[in-house]
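Coordinates from run_14.txt are shown below (compact mmCIF, C-alpha atoms).
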# COMPACT_ATOMS: atom_id res chain seq x y z
CA MET A 22 -9.21 10.28 -22.05
CA MET A 23 -7.90 10.04 -18.50
CA MET A 24 -4.55 11.74 -17.91
CA GLN A 25 -2.21 9.20 -16.33
CA MET A 26 0.54 10.05 -13.88
CA ASN A 27 2.43 7.13 -12.39
CA VAL A 28 2.92 8.12 -8.80
CA SER A 29 2.04 6.39 -5.57
CA GLY A 30 2.87 6.90 -2.02
CA LYS A 31 2.60 8.38 1.33
CA CYS A 32 -0.81 9.90 1.19
CA VAL A 33 -3.77 9.27 -1.07
CA LEU A 34 -6.59 11.75 -1.38
CA ALA A 35 -9.57 9.47 -1.39
CA ALA A 36 -13.03 10.30 -2.06
CA GLY A 37 -16.54 10.68 -3.05
CA MET A 38 -19.32 12.57 -1.39
CA MET A 39 -21.47 9.51 -0.92
CA MET A 40 -19.58 6.42 0.16
CA LEU A 41 -21.01 3.19 -1.20
CA ALA A 42 -20.92 -0.04 0.73
CA GLY A 43 -19.60 -1.80 -2.37
CA CYS A 44 -16.48 0.40 -2.27
CA GLU A 45 -15.32 -0.72 1.15
CA PHE A 46 -13.55 -3.99 0.29
CA VAL A 47 -9.79 -3.78 0.87
CA ASP A 48 -7.66 -6.51 -0.68
CA HIS A 49 -4.57 -7.26 1.44
CA THR A 50 -3.20 -9.87 -0.96
CA GLY A 51 0.45 -9.45 -1.90
CA GLU A 52 1.33 -6.72 0.57
CA ILE A 53 5.01 -5.77 0.58
CA GLY A 54 6.74 -4.34 3.64
CA TYR A 55 9.24 -1.51 3.48
CA PRO A 56 12.90 -2.39 4.31
CA VAL A 57 14.09 -1.53 7.80
CA ASP A 58 16.76 1.18 7.90
CA ASN A 59 19.80 0.23 9.98
CA VAL A 60 20.94 3.80 10.72
CA ALA A 61 19.76 5.28 14.03
CA ILE A 62 18.63 8.86 13.46
CA ASP A 63 19.33 9.93 17.05
CA SER A 64 23.02 9.06 16.57
CA VAL A 65 23.09 11.02 13.29
CA ALA A 66 21.68 14.09 15.06
CA ARG A 67 24.28 13.79 17.81
CA MET A 68 27.05 13.41 15.22
CA LEU A 69 25.96 16.56 13.36
CA SER A 70 26.06 18.52 16.63
CA TYR A 71 29.75 17.56 17.07
CA LEU A 72 30.82 18.90 13.66
CA PRO A 73 32.72 22.21 13.38
CA LEU A 74 29.95 23.80 11.35
CA GLU A 75 30.65 27.08 9.62
CA ARG A 76 28.33 29.48 7.82
CA GLU A 77 29.10 27.87 4.42
CA HIS A 78 27.73 24.55 5.70
CA LEU A 79 24.53 26.23 6.86
CA LEU A 80 24.25 27.89 3.45
CA GLU A 81 24.71 24.49 1.78
CA VAL A 82 21.88 22.91 3.76
CA HIS A 83 19.67 25.97 3.28
CA GLU A 84 20.20 25.95 -0.50
CA ALA A 85 19.36 22.24 -0.67
CA VAL A 86 16.15 22.43 1.39
CA SER A 87 15.03 25.54 -0.51
CA SER A 88 15.57 23.74 -3.81
CA SER A 89 13.61 20.69 -2.62
CA SER A 90 10.77 22.97 -1.55
CA GLY A 91 10.79 24.75 -4.92
CA ASN A 92 10.54 21.38 -6.67
CA GLY A 93 7.37 20.51 -4.76
CA TYR A 94 8.90 18.42 -1.97
CA ASP A 95 9.44 19.05 1.74
CA GLU A 96 12.25 21.26 3.07
CA GLU A 97 14.65 18.33 3.01
CA TYR A 98 18.29 17.47 2.27
CA THR A 99 18.78 13.74 1.78
CA MET A 100 21.99 12.00 2.77
CA ARG A 101 22.27 10.70 -0.78
CA ASP A 102 22.34 14.26 -2.15
CA LEU A 103 24.55 15.47 0.69
CA PHE A 104 27.29 13.00 -0.31
CA GLU A 105 26.76 12.75 -4.07
CA SER A 106 25.86 16.35 -4.98
CA PRO A 107 26.30 18.84 -2.11
CA GLY A 108 23.75 21.64 -2.01
CA SER A 109 21.28 19.84 -4.29
CA GLY A 110 17.65 19.29 -3.43
CA VAL A 111 15.20 16.54 -4.28
CA GLY A 112 14.14 16.89 -7.92
CA ASP A 113 17.21 18.81 -9.15
CA ASP A 114 18.47 17.71 -12.57
CA GLU A 115 22.05 16.68 -13.32
CA GLU A 116 23.05 20.10 -14.66
CA VAL A 117 21.93 21.87 -11.48
CA LYS A 118 23.62 19.24 -9.31
CA SER A 119 26.90 19.66 -11.19
CA ILE A 120 26.89 23.45 -10.73
CA ARG A 121 26.11 23.26 -7.01
CA THR A 122 28.63 20.53 -6.27
CA ARG A 123 31.43 22.77 -7.57
CA ALA A 124 30.24 25.70 -5.44
CA TYR A 125 31.45 24.32 -2.08
CA ALA A 126 35.16 24.16 -1.31
CA ARG A 127 34.67 22.04 1.82
CA PRO A 128 31.11 20.71 1.90
CA LEU A 129 29.39 19.12 4.86
CA ARG A 130 30.22 15.62 3.62
CA GLU A 131 33.92 16.27 4.31
CA LEU A 132 33.21 17.19 7.93
CA ILE A 133 31.24 13.96 8.35
CA ARG A 134 33.98 11.83 6.78
CA GLU A 135 36.66 13.39 9.00
CA HIS A 136 34.54 12.95 12.12
CA LEU A 137 33.80 9.28 11.40
CA CYS A 138 37.44 8.47 10.67
CA ALA A 139 38.50 10.08 13.95
CA THR A 140 35.83 8.62 16.23
CA ARG A 141 35.03 5.10 15.00
CA ALA A 142 38.48 3.52 15.26
CA GLY A 143 38.11 0.15 16.97
CA GLU A 144 34.30 0.15 16.66
CA THR A 145 32.47 -2.97 15.49
CA ILE A 146 31.33 -1.01 12.45
CA SER A 147 34.16 0.94 10.87
CA GLY A 148 33.83 4.57 9.87
CA GLU A 149 33.82 3.61 6.19
CA ASP A 150 31.10 0.97 6.68
CA TYR A 151 28.96 3.39 8.67
CA LEU A 152 29.51 6.03 5.99
CA GLN A 153 28.25 3.66 3.29
CA ARG A 154 25.18 2.80 5.37
CA LEU A 155 24.47 6.48 5.91
CA MET A 156 24.84 7.30 2.21
CA SER A 157 22.42 4.56 1.16
CA SER A 158 19.89 5.17 3.94
CA ASP A 159 16.66 7.20 3.80
CA VAL A 160 17.98 9.58 6.50
CA GLN A 161 17.81 13.31 5.76
CA ILE A 162 18.02 16.77 7.31
CA TYR A 163 14.61 18.46 7.49
CA TRP A 164 14.61 22.22 8.12
CA PRO A 165 11.09 23.50 8.90
CA TYR A 166 10.44 27.23 8.46
CA SER A 167 13.82 27.53 6.70
CA GLU A 168 12.56 30.60 4.82
CA ARG A 169 12.80 32.53 8.12
CA TRP A 170 16.53 31.91 8.63
CA ASP A 171 18.56 35.11 9.12
CA GLY A 172 21.61 33.72 7.33
CA GLU A 173 23.76 33.58 10.46
CA THR A 174 22.18 31.79 13.44
CA MET A 175 23.43 28.27 14.16
CA PRO A 176 20.73 25.58 14.19
CA VAL A 177 19.48 23.51 17.08
CA ILE A 178 19.85 19.88 15.94
CA THR A 179 17.25 17.27 16.92
CA PHE A 180 15.63 14.10 15.53
CA ASP A 181 12.19 12.64 14.95
CA PRO A 182 11.28 10.50 18.01
CA GLU A 183 9.01 8.54 15.62
CA ASN A 184 6.34 8.05 18.26
CA GLY A 185 4.07 11.00 17.47
CA ALA A 186 5.52 13.19 20.23
CA GLU A 187 5.49 16.97 19.75
CA ALA A 188 8.69 17.66 21.76
CA ASN A 189 12.11 16.06 21.94
CA ILE A 190 15.65 16.75 23.13
CA GLY A 191 17.89 18.79 20.86
CA TYR A 192 21.46 20.01 20.77
CA ARG A 193 22.16 23.73 20.77
CA ILE A 194 25.64 24.82 19.62
CA VAL A 195 26.91 27.49 22.02
CA GLU A 196 29.95 29.72 21.46
CA THR A 197 32.22 29.97 24.51
CA THR A 198 35.21 32.16 25.35
CA GLY A 199 38.31 31.70 23.22
CA GLY A 200 36.29 30.75 20.15
CA LEU A 201 35.44 27.30 21.50
CA ARG A 202 32.05 25.63 21.29
CA ARG A 203 29.98 23.31 23.37
CA CYS A 204 26.62 21.60 22.97
CA GLU A 205 23.84 21.92 25.46
CA GLU A 206 20.68 19.86 25.53
CA VAL A 207 17.41 21.76 25.13
CA GLU A 208 13.77 20.84 24.66
CA VAL A 209 12.69 21.31 21.06
CA ASP A 210 9.10 21.80 19.93
CA GLU A 211 7.46 23.42 16.90
CA GLU A 212 7.16 26.78 18.64
CA LEU A 213 10.95 26.88 18.98
CA ALA A 214 11.40 25.84 15.34
CA GLU A 215 9.26 28.79 14.24
CA LYS A 216 11.56 31.23 16.08
CA THR A 217 15.04 29.78 15.62
CA PRO A 218 16.59 27.47 12.99
CA VAL A 219 16.12 23.77 13.79
CA TRP A 220 17.49 20.83 11.85
CA VAL A 221 15.45 17.67 12.31
CA VAL A 222 17.08 14.37 11.36
CA ASN A 223 14.24 12.20 10.07
CA ARG A 224 13.50 9.72 7.28
CA ASN A 225 12.59 10.59 3.73
CA ASP A 226 9.21 9.45 2.41
CA ASP A 227 8.56 11.48 -0.73
CA SER A 228 11.72 11.69 -2.86
CA ARG A 229 10.88 8.48 -4.78
CA PHE A 230 7.67 10.08 -6.07
CA THR A 231 7.15 12.73 -8.73
CA SER A 232 5.64 15.89 -7.29
CA LEU A 233 2.97 17.96 -9.02
CA GLU A 234 5.52 20.74 -9.61
CA MET A 235 7.96 18.32 -11.27
CA LEU A 236 5.20 16.97 -13.52
CA ARG A 237 4.49 20.51 -14.66
CA LYS A 238 8.17 21.22 -15.29
CA LYS A 239 8.81 18.03 -17.24
CA ASP A 240 5.60 17.82 -19.27
CA PRO A 241 5.11 20.68 -21.77
CA GLU A 242 1.33 20.15 -21.69
CA TRP A 243 1.34 21.45 -18.14
CA GLY A 244 2.89 24.75 -19.27
CA ASN A 245 6.44 25.82 -18.47
CA GLY A 246 6.32 25.03 -14.77
CA GLY A 247 3.05 26.90 -14.41
CA GLY A 248 -0.42 25.79 -13.49
CA SER A 249 -2.21 26.38 -16.77
CA ILE A 250 -4.18 23.55 -18.33
CA VAL A 251 -3.94 22.76 -22.01
CA VAL A 252 -7.26 21.23 -23.01
CA GLY A 253 -7.24 19.25 -26.26
CA ALA A 254 -9.68 19.84 -29.07
CA PRO A 255 -13.10 18.28 -28.43
CA ALA A 256 -14.15 15.07 -30.14
CA GLU A 257 -15.54 15.39 -33.67
CA SER A 258 -18.95 14.08 -32.73
CA GLY A 259 -20.88 15.43 -29.76
CA ALA A 260 -18.20 18.09 -29.22
CA SER A 261 -20.50 20.19 -27.05
CA ASP A 262 -20.86 17.29 -24.60
CA VAL A 263 -17.11 16.86 -23.94
CA ARG A 264 -15.66 18.74 -20.98
CA THR A 265 -12.61 18.56 -18.73
CA LEU A 266 -12.97 17.84 -15.00
CA VAL A 267 -10.42 19.85 -13.01
CA LEU A 268 -9.40 19.93 -9.35
CA LYS A 269 -9.24 23.72 -9.07
CA ASP A 270 -7.83 24.24 -5.57
CA PHE A 271 -7.05 22.54 -2.27
CA MET A 272 -6.90 23.60 1.37
CA MET A 273 -5.64 21.52 4.31
CA ARG A 274 -7.41 22.41 7.55
CA ARG A 275 -4.95 20.65 9.88
CA ASN A 276 -1.51 19.06 9.81
CA TYR A 277 -1.72 15.29 9.74
CA ASP A 278 1.64 14.29 11.23
CA SER A 279 3.92 15.24 14.10
CA TRP A 280 5.94 18.28 13.07
CA PHE A 281 9.13 16.22 13.37
CA ALA A 282 7.96 14.12 10.41
CA GLY A 283 7.59 17.19 8.18
CA ALA A 284 4.94 18.16 5.67
CA SER A 285 1.77 16.28 4.77
CA GLU A 286 2.08 14.30 1.53
CA PHE A 287 -1.27 13.79 -0.13
CA PHE A 288 -1.83 11.31 -2.93
CA ILE A 289 -4.84 11.98 -5.07
CA LYS A 290 -6.21 9.10 -7.14
CA CYS A 291 -9.14 9.11 -9.50
CA GLY A 292 -10.43 6.25 -11.66
CA LYS A 293 -12.86 6.04 -14.63
CA VAL A 294 -13.39 4.23 -17.92
CA GLU A 295 -10.94 5.64 -20.47
CA ASP A 296 -12.35 7.30 -23.60
CA PHE A 297 -15.66 5.41 -23.62
CA LYS A 298 -17.03 5.14 -27.18
CA ALA A 299 -18.45 1.62 -27.30
CA SER A 300 -21.29 1.08 -29.79
CA THR A 301 -22.20 -2.50 -28.77
CA GLU A 302 -22.34 -4.42 -25.53
CA ALA A 303 -19.47 -6.64 -26.73
CA GLU A 304 -17.22 -3.60 -27.14
CA LEU A 305 -17.74 -2.71 -23.49
CA LYS A 306 -15.51 -5.65 -22.54
CA LEU A 307 -12.58 -3.98 -24.32
CA TYR A 308 -12.48 -1.10 -21.85
CA SER A 309 -10.54 -1.10 -18.58
CA PRO A 310 -10.44 1.52 -15.83
CA GLN A 311 -7.59 4.03 -15.80
CA ILE A 312 -6.19 5.88 -12.80
CA SER A 313 -5.10 9.50 -12.51
CA ASP A 314 -2.52 9.66 -9.74
CA PHE A 315 -0.28 12.41 -8.36
CA MET A 316 1.35 13.63 -5.15
CA VAL A 317 0.95 17.00 -3.48
CA VAL A 318 3.15 18.16 -0.60
CA VAL A 319 1.52 20.68 1.76
CA ARG A 320 4.09 22.23 4.08
CA ARG A 321 3.22 23.05 7.66
CA ASN A 322 3.16 26.80 7.07
CA GLN A 323 0.55 26.26 4.33
CA VAL A 324 -2.17 24.93 6.66
CA LEU A 325 -5.45 26.85 6.19
CA LYS A 326 -4.11 28.38 2.96
CA ARG A 327 -6.03 27.80 -0.28
CA LEU A 328 -3.55 26.45 -2.81
CA PRO A 329 -4.33 26.75 -6.55
CA PHE A 330 -4.02 23.41 -8.34
CA ASP A 331 -5.68 23.47 -11.78
CA VAL A 332 -5.08 19.74 -12.18
CA VAL A 333 -6.90 17.71 -14.84
CA LEU A 334 -8.65 14.68 -13.33
CA VAL A 335 -10.66 13.62 -16.39
CA SER A 336 -9.73 15.20 -19.72
CA GLN A 337 -12.86 14.02 -21.59
CA TRP A 338 -15.99 13.98 -19.46
CA THR A 339 -19.24 13.18 -21.24
CA GLU A 340 -22.82 12.58 -20.15
CA GLN A 341 -22.07 8.83 -20.20
CA ASN A 342 -19.79 9.21 -17.17
CA GLU A 343 -22.07 8.63 -14.18
CA SER A 344 -19.37 8.75 -11.51
CA ILE A 345 -15.69 8.49 -10.71
CA ALA A 346 -13.90 6.61 -7.93
CA PHE A 347 -11.95 9.16 -5.91
CA MET A 348 -9.51 8.57 -3.08
CA MET A 349 -7.36 10.98 -1.09
CA THR A 350 -4.83 9.79 1.50
CA GLU A 351 -2.06 11.30 3.61
CA ASP A 352 0.85 8.89 3.55
CA ASP A 353 2.27 7.33 6.69
CA GLY A 354 4.03 4.39 5.08
CA GLY A 355 3.26 0.79 5.96
CA THR A 356 2.63 -2.06 3.54
CA ARG A 357 1.15 -1.69 0.08
CA THR A 358 -2.48 -2.68 -0.41
CA GLU A 359 -5.38 -1.49 -2.54
CA TRP A 360 -8.97 -0.28 -2.34
CA LYS A 361 -11.31 -1.92 -4.83
CA CYS A 362 -14.25 0.20 -5.87
CA SER A 363 -17.04 -0.49 -8.35
CA ALA A 364 -18.15 2.17 -10.83
CA VAL A 365 -20.84 2.29 -13.49
CA VAL A 366 -21.12 3.26 -17.16
CA LYS A 367 -24.60 3.54 -18.75
CA TYR A 368 -25.15 2.40 -22.34
CA ASN A 369 -28.56 2.30 -24.08
CA SER A 370 -30.35 2.66 -20.74
CA LYS A 371 -28.39 -0.29 -19.32
CA SER A 372 -25.78 0.02 -16.57
CA PHE A 373 -22.45 -1.77 -16.95
CA GLY A 374 -20.08 -2.06 -14.02
CA PHE A 375 -16.31 -2.17 -13.74
CA GLU A 376 -13.93 -2.34 -10.82
CA VAL A 377 -10.99 0.00 -10.23
CA SER A 378 -8.20 -0.71 -7.72
CA LEU A 379 -6.58 2.31 -6.07
CA PRO A 380 -3.33 1.43 -4.20
CA PHE A 381 -2.35 2.88 -0.83
CA ASN A 382 -0.35 1.99 2.29
CA THR A 383 -1.87 0.31 5.34
CA ARG A 384 -0.90 3.12 7.75
CA ASP A 385 -2.11 5.94 5.50
CA ASP A 386 -4.64 8.40 6.86
CA ILE A 387 -7.55 7.95 4.47
CA VAL A 388 -8.80 11.50 4.20
CA TRP A 389 -11.74 10.59 1.95
CA ARG A 390 -12.76 7.76 -0.38
CA GLY A 391 -15.87 6.86 -2.29
CA GLN A 392 -17.61 7.82 -5.51
CA LEU A 393 -18.21 11.28 -6.88
CA ALA A 394 -21.45 11.15 -8.83
CA GLY A 395 -21.98 13.21 -11.96
CA PRO A 396 -25.02 15.08 -10.51
CA TYR A 397 -22.97 16.02 -7.43
CA LEU A 398 -20.10 17.36 -9.56
CA GLU A 399 -22.58 19.33 -11.67
CA LYS A 400 -24.33 20.80 -8.63
CA TYR A 401 -21.09 21.91 -6.96
CA ASP A 402 -19.25 22.91 -10.13
CA GLY A 403 -16.79 25.65 -9.08
CA LYS A 404 -17.96 25.55 -5.45
CA THR A 405 -15.77 24.52 -2.51
CA SER A 406 -16.76 21.40 -0.55
CA ARG A 407 -15.44 19.82 2.64
CA PHE A 408 -13.87 16.32 2.42
CA GLY A 409 -12.84 15.38 5.96
CA ASP A 410 -10.22 17.93 7.02
CA VAL A 411 -9.55 19.06 3.45
CA GLU A 412 -11.50 21.50 1.26
CA LEU A 413 -11.61 20.92 -2.51
CA THR A 414 -13.05 22.76 -5.48
CA PHE A 415 -13.96 20.74 -8.59
CA GLN A 416 -14.74 22.52 -11.85
CA PHE A 417 -15.79 21.59 -15.38
CA GLN A 418 -14.01 23.40 -18.21
Output the structure of this file as structure tokens.
Amino acid sequence: MMMQMNVSGKCVLAAGMMMLAGCEFVDHTGEIGYPVDNVAIDSVARMLSYLPLEREHLLEVHEAVSSSSGNGYDEEYTMRDLFESPGSGVGDDEEVKSIRTRAYARPLRELIREHLCATRAGETISGEDYLQRLMSSDVQIYWPYSERWDGETMPVITFDPENGAEANIGYRIVETTGGLRRCEEVEVDEELAEKTPVWVVNRNDDSRFTSLEMLRKKDPEWGNGGGSIVVGAPAESGASDVRTLVLKDFMMRRNYDSWFAGASEFFIKCGKVEDFKASTEAELKLYSPQISDFMVVVRRNQVLKRLPFDVVLVSQWTEQNESIAFMMTEDDGGTRTEWKCSAVVKYNSKSFGFEVSLPFNTRDDIVWRGQLAGPYLEKYDGKTSRFGDVELTFQFQ
């Protein structure tokens, strides 16, 4: 039976070693656009640079981005969490949020409220209206290489130019005589971010999805937050023929986005006929394709590192499974569409086809898509193969 995980999003890992012409039809019917955010991220970055930041505020942001990272997301602190539960990261449960919210006497949200009340008097949009827009937006603070922070140094604050550029202006907070501060404009690139703390104001793309780490934490069958696989007992008949197809590990050979946009979010989708046991041709019509679907965030400092996955793609693989439809994408947003791919099940020497639709976004980088044939998976069982700029290892267990 196919394990189902209801996740979709920014990047889909698409695939097969041999792409079939019949798999290349993309249905654009019913595409839905994402809402346009009405908060300018450059103005948010400038606002943050004006705040009287103290070490406790840096600790708050650092705790939040570290928690998000530990939950399988990017090093991010969303505005929603910043206002509703200071210090909390994406994926934190209510108990954790409650504890962290009480830990800050004067959290960053208070500095923002005070600044807006003092500076937006007479503006077309009042401070309170702007605050509400900010709280409900997808704006966030992204802190790359946050694990290198020394616990003291003030950040340079910049924003995602959203045009693919690798450098942008940023605001460095400089201490002057008499305990005063001023901001100076500097050029910010990834090399600077690796050496000194940099906060990037950008837009969140992954918090609405369930990460692989969160799936493992919430589902006991994944083990207590670990990577172990619990394989069910084999079927009563033909037990020796039933195996589990696992994605053993994953390595990203290059970063897919501008560093301002953060990590690469891969969505891995795999489709087959669920639990095929038909005894007549009529019973074949009762079966429909199922999709295994999950998100994996690969942070920039993990490029060229082999990451252990141990993820079940097909929990009951038998000799009747000729192939699977496999797609891997790296999400860049856009409108929702789908890739329709035909697959085949053989019964009594006859081949019966079905069609599986794997959703993705129109601006996604399609890393790989196609069909993975049974003979290919057998031949490269436990061996690493190259799929575009990603290396994968499939294994039967």
Neighbour list for Gln416 in chain A as a PyMOL selection string, cut-off 7 Å, only C-alpha atoms, skip fewer than 6 positions in-chain
chain A and resi 266-269+402-403
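Taking CA of Arg130 in chain A and CA of Ile190 in chain A as the two end points, the separation is 24.4 Å.
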As an exercise, work out the distance from CA of His78 in chain A to CA of Pro128 in chain A in Å and give it to one decimal place.
6.4 Å
Quick check, in Å to one decimal: how far apart do CA of Asp114 in chain A and CA of Tyr98 in chain A lie?
14.8 Å
Which residues of range 65-168 of chain A come within 12 Å of range 323-334 of chain A, and for each one, what is the closest pair of atoms and their distance in Å to one decimal, counting all atoms listed in the file, sorted by chain and residue number, as CSV?
residue,atom,partner,partner_atom,distance
A:Asp95,CA,A:Gln323,CA,11.7
A:Pro165,CA,A:Gln323,CA,11.8
A:Tyr166,CA,A:Gln323,CA,10.8
Distance criterion (all atoms listed in the file): nearest to Gly110 in chain A out of A:Ile178, A:Val319, A:Ala85, A:Leu132:
A:Ala85
Could you check the closest approach to Ser167 in chain A for each of A:Ser336, A:Ser89, A:Ser285, A:Asn189 and tell me which residue wins, using only C-alpha atoms?
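Using only C-alpha atoms, Ser167 in chain A sits closest to A:Ser89.
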Nearest to Val60 in chain A by atom-to-atom distance, counting all atoms listed in the file, from A:Gln153, A:Ser88, A:Thr140, A:Ser109:
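Between A:Gln153, A:Ser88, A:Thr140, A:Ser109, the residue approaching Val60 in chain A most closely is A:Gln153.
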I need the residue nearest Tyr125 in chain A from this list: A:Ala394, A:Leu137, A:Leu152, A:Leu80. Use all atoms listed in the file for the distance.
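Of A:Ala394, A:Leu137, A:Leu152, A:Leu80, the one nearest Tyr125 in chain A is A:Leu80, counting all atoms listed in the file.
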